[in-house]
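J.: Okay, here's the structure, questions in a sec.
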Amino acid sequence: MQMNNNIEKKVLKKITPNTKDKKKIESTILQLKKKVNQEIIKKKIPISIELVGSIAKDTYLKNNLDIDLFLLFPISITKKEIAINSLSIGKKVLNNTEESYAEHPYIRGYFNEYKTEIVPCYKIEKASQKLTAVDRTPLHTEYIKRNLQEFQKQEVRLIKQFFKGIGCYGAEAEIEGFSGYLCEILILKFKFFINLIKYASKWNYGEKFTLINKKIPSFDSPLIFIDPVDNDRNVASAVSLDKFNLFVFACKQYLIKPRLTYFFPNKIPSWPLTKIKNELNKKNFYYVGIIFSKPDIIDENLFPQLRKATRSIWYNCKKYGYKIHDTTFNINNPKKQIIIIIKTEKEKLSKSYIHNGPPVKLKKNVKEFKNKWEKSPKVIIKPYEKNGRIFVEVEREYTDIIEFLKNQVKNLSMGKHLDEIIKKNYEVVGLEKLLNRNLKIFWTKYLDTKKSWEY
């Protein structure tokens with residue numbers, strides 16, 4: 001089933017690198033390898049160099065060029081020696097460097113004007129020999145180069161740009177979407193972009209795929225695609241339920257009415273603050289913000305902690321009786337602040353609540369319950385029996401959610417770096433302080449029901 005849409009032809013024209021583009025990147029990579037090799041010679045360690053990723057596989061997008069260069073170390077070298085040597089090589093070769101950490105430290109920076117990563121790994125022949133997760137990456141590159149047909153490179157480019165357009169491209173913590181390698185094996189499985197779109201429009205949670213004739217292991221994941229290089233690994237493990245559902249929905253809609261905006265969405269026009277305020281006030285909800293400084297850490301560490309923080313806030317608010325409808329966060333503001341926003345009921349909680357005790361037939365438990373509550377200063381109505389159960393009416397510690405958060409946020413577990421920041425300083429504010437120019441795009445996206453391709 002080949003491309004049947006003029007839109008896809010237009011997309012390919014925009015995203016496919018031409019001969020000039022290819023010559024430029026190939027020349028740059030030769031220069032990079034030469035400089036890296038000069039540094040390797042000084043180390044007197046038998047390190048080999050391998051280009052991996054989409055450039056190596058010729059599945060890269062014209063305006064999304066990142067160079068991924070791997071340094072393959074012998075298994076006899078310790079992880080500590082690998083870290084020291086690879087970081088020193090990267091710092092000598094790249095500009096504007098930044099150290100990042102997976103199972104080995106690796107270096108990010110620029111070579112000429114290209115974003116470049118220099119990543120160390122162990123040299124292995126098959127995935128069963130791997131000592132760290134990154135060791136299998138060169139095997140992925142080799143597998144795709146060996147199995148992806150020439151025409152399918154264009155199909156990979158189409159699905160990558162589709163994912164980019166709908167906001168699902170990338171397995172990193174910020175996105176929780178579809179990696180480049182997953183795009184490639186999806187095309188190996190479904191052969192054509194449009195074929196994948198048609199099948200994916202009917203997917204349900206827990207879809208399973210493989211390119212090998214082996215039993216598929218179980219994973220608690222919306223999408224399961226077994227790595228043909230490492231049969232115990234789910235390549236789609238990073239895909240969140242939200243991004244899975246978004247992709248399935250986008251496929252359904254694309255089949256009904258294909259548009260160029262699925263691939264290249266228009267800029268979202270921000271609503272005026274008056275419209276945002278009116279829309280928020282229409283709803284019978286209350287919005288509270290927790291504001292604190294953004295820690296100086298990489299996104300791969302920041303976003304999991306932010307998601308943990310929103311879960312922790314949700315759980316603890318519910319524990320104290322608050323009805324929480326949503327928690328989200330924003331970090332795209334010029335003050336480099338994090339703002340966690342909680343959507344809750346407008347009304348304050350009642351001054352007291354009924355606390356359930358054990359059934360009256362459990363005499364030991366009833367006795368313990370009465371001993372605990374009869375002399376408590378918080379008790380408004382002492383333990384009493386009703387419908388075969390013991391109850392007690394207790395005064396609430398907090399009725400107002402802002403007061404609760406001001407006192408309790410610092411005691412919650414939000415993640416190592418966020419906890420350190422919050423212990424020093426944070427602010428809890430109401431909606432009036434959340435309605436500002438810096439948050440116009442955030443509120444527009446939050447309130448507008450349109451999808452990115454509908455603008």
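We label chains A, B, ... in the order they appear in the structure tokens, count residues from 1 in each chain, and number ligands from 1 in the order shown.
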Tell me, which residues of segment 108-247 of chain A carry DSSP alpha helix (DSSP H), written as a PyMOL selection string?
T.: chain A and resi 137-147+152-166+180-190+193-200+241-247
J.: Contacts between segment 346-354 of chain A and segment 387-438 of chain A, please, where a residue of segment 387-438 of chain A counts if it comes within 9 Å (with only C-alpha atoms); show its shortest atom pair and distance in Å to one decimal, rows by chain and ascending number, as a Markdown table.
T.:
| residue | atom | partner | partner_atom | distance |
| --- | --- | --- | --- | --- |
| A:Phe391 | CA | A:Ile354 | CA | 6.7 |
| A:Val392 | CA | A:Ile354 | CA | 5.8 |
| A:Glu393 | CA | A:Ile354 | CA | 4.5 |
| A:Val394 | CA | A:Ser352 | CA | 5.4 |
| A:Glu395 | CA | A:Ser352 | CA | 4.2 |
| A:Arg396 | CA | A:Ser352 | CA | 5.0 |
| A:Glu397 | CA | A:Lys351 | CA | 8.4 |
| A:Tyr398 | CA | A:Leu349 | CA | 8.0 |
| A:Thr399 | CA | A:Leu349 | CA | 4.7 |
| A:Asp400 | CA | A:Lys348 | CA | 5.4 |
| A:Ile401 | CA | A:Lys348 | CA | 7.5 |
J.: Can you pull out every residue within 8 Å of Ile341 of chain A, counting only C-alpha atoms, but drop anything in the same chain fewer than 6 positions away, and send it as a list in words?
T.: Tyr287, Val288, Gly289, Ile290, Thr327, Thr328 and Phe329 of chain A
J.: Contacts of Tyr315 of chain A at 12 Å or less, counting only C-alpha atoms, minus same-chain residues fewer than 6 places along, as a list in words?
T.: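 With the cut-off at 12 Å, the set is Lys308, Ala309, Gly321, Tyr322, Lys323, Ile324, His325, Asp326, Thr327, Ile342, Val409, Leu412, Ser413 and Met414 of chain A.
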J.: In Å, how far is it from atom CA of Leu182 of chain A to atom CA of Lys257 of chain A?
T.: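 Going from atom CA of Leu182 of chain A over to atom CA of Lys257 of chain A, I get 25.5 Å.
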J.: Could you tell me which of A:Lys33, A:Lys282, A:Lys267, A:Lys80 comes closest to Trp453 of chain A if we count only C-alpha atoms?
T.: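 Going through A:Lys33, A:Lys282, A:Lys267, A:Lys80 one by one, the smallest distance to Trp453 of chain A is for A:Lys267.
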J.: Quick one: of A:Lys92, A:Lys57, A:Lys424, A:Lys433, who's nearest to Val36 of chain A, counting only C-alpha atoms?
T.: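 Residue with the minimum atom-to-atom distance to Val36 of chain A: A:Lys92.
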J.: So, counting only C-alpha atoms, which residue among A:Ile67, A:Tyr169, A:Ile159, A:Ile421 is closest to Phe190 of chain A?
T.: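 Residue with the minimum atom-to-atom distance to Phe190 of chain A: A:Ile159.
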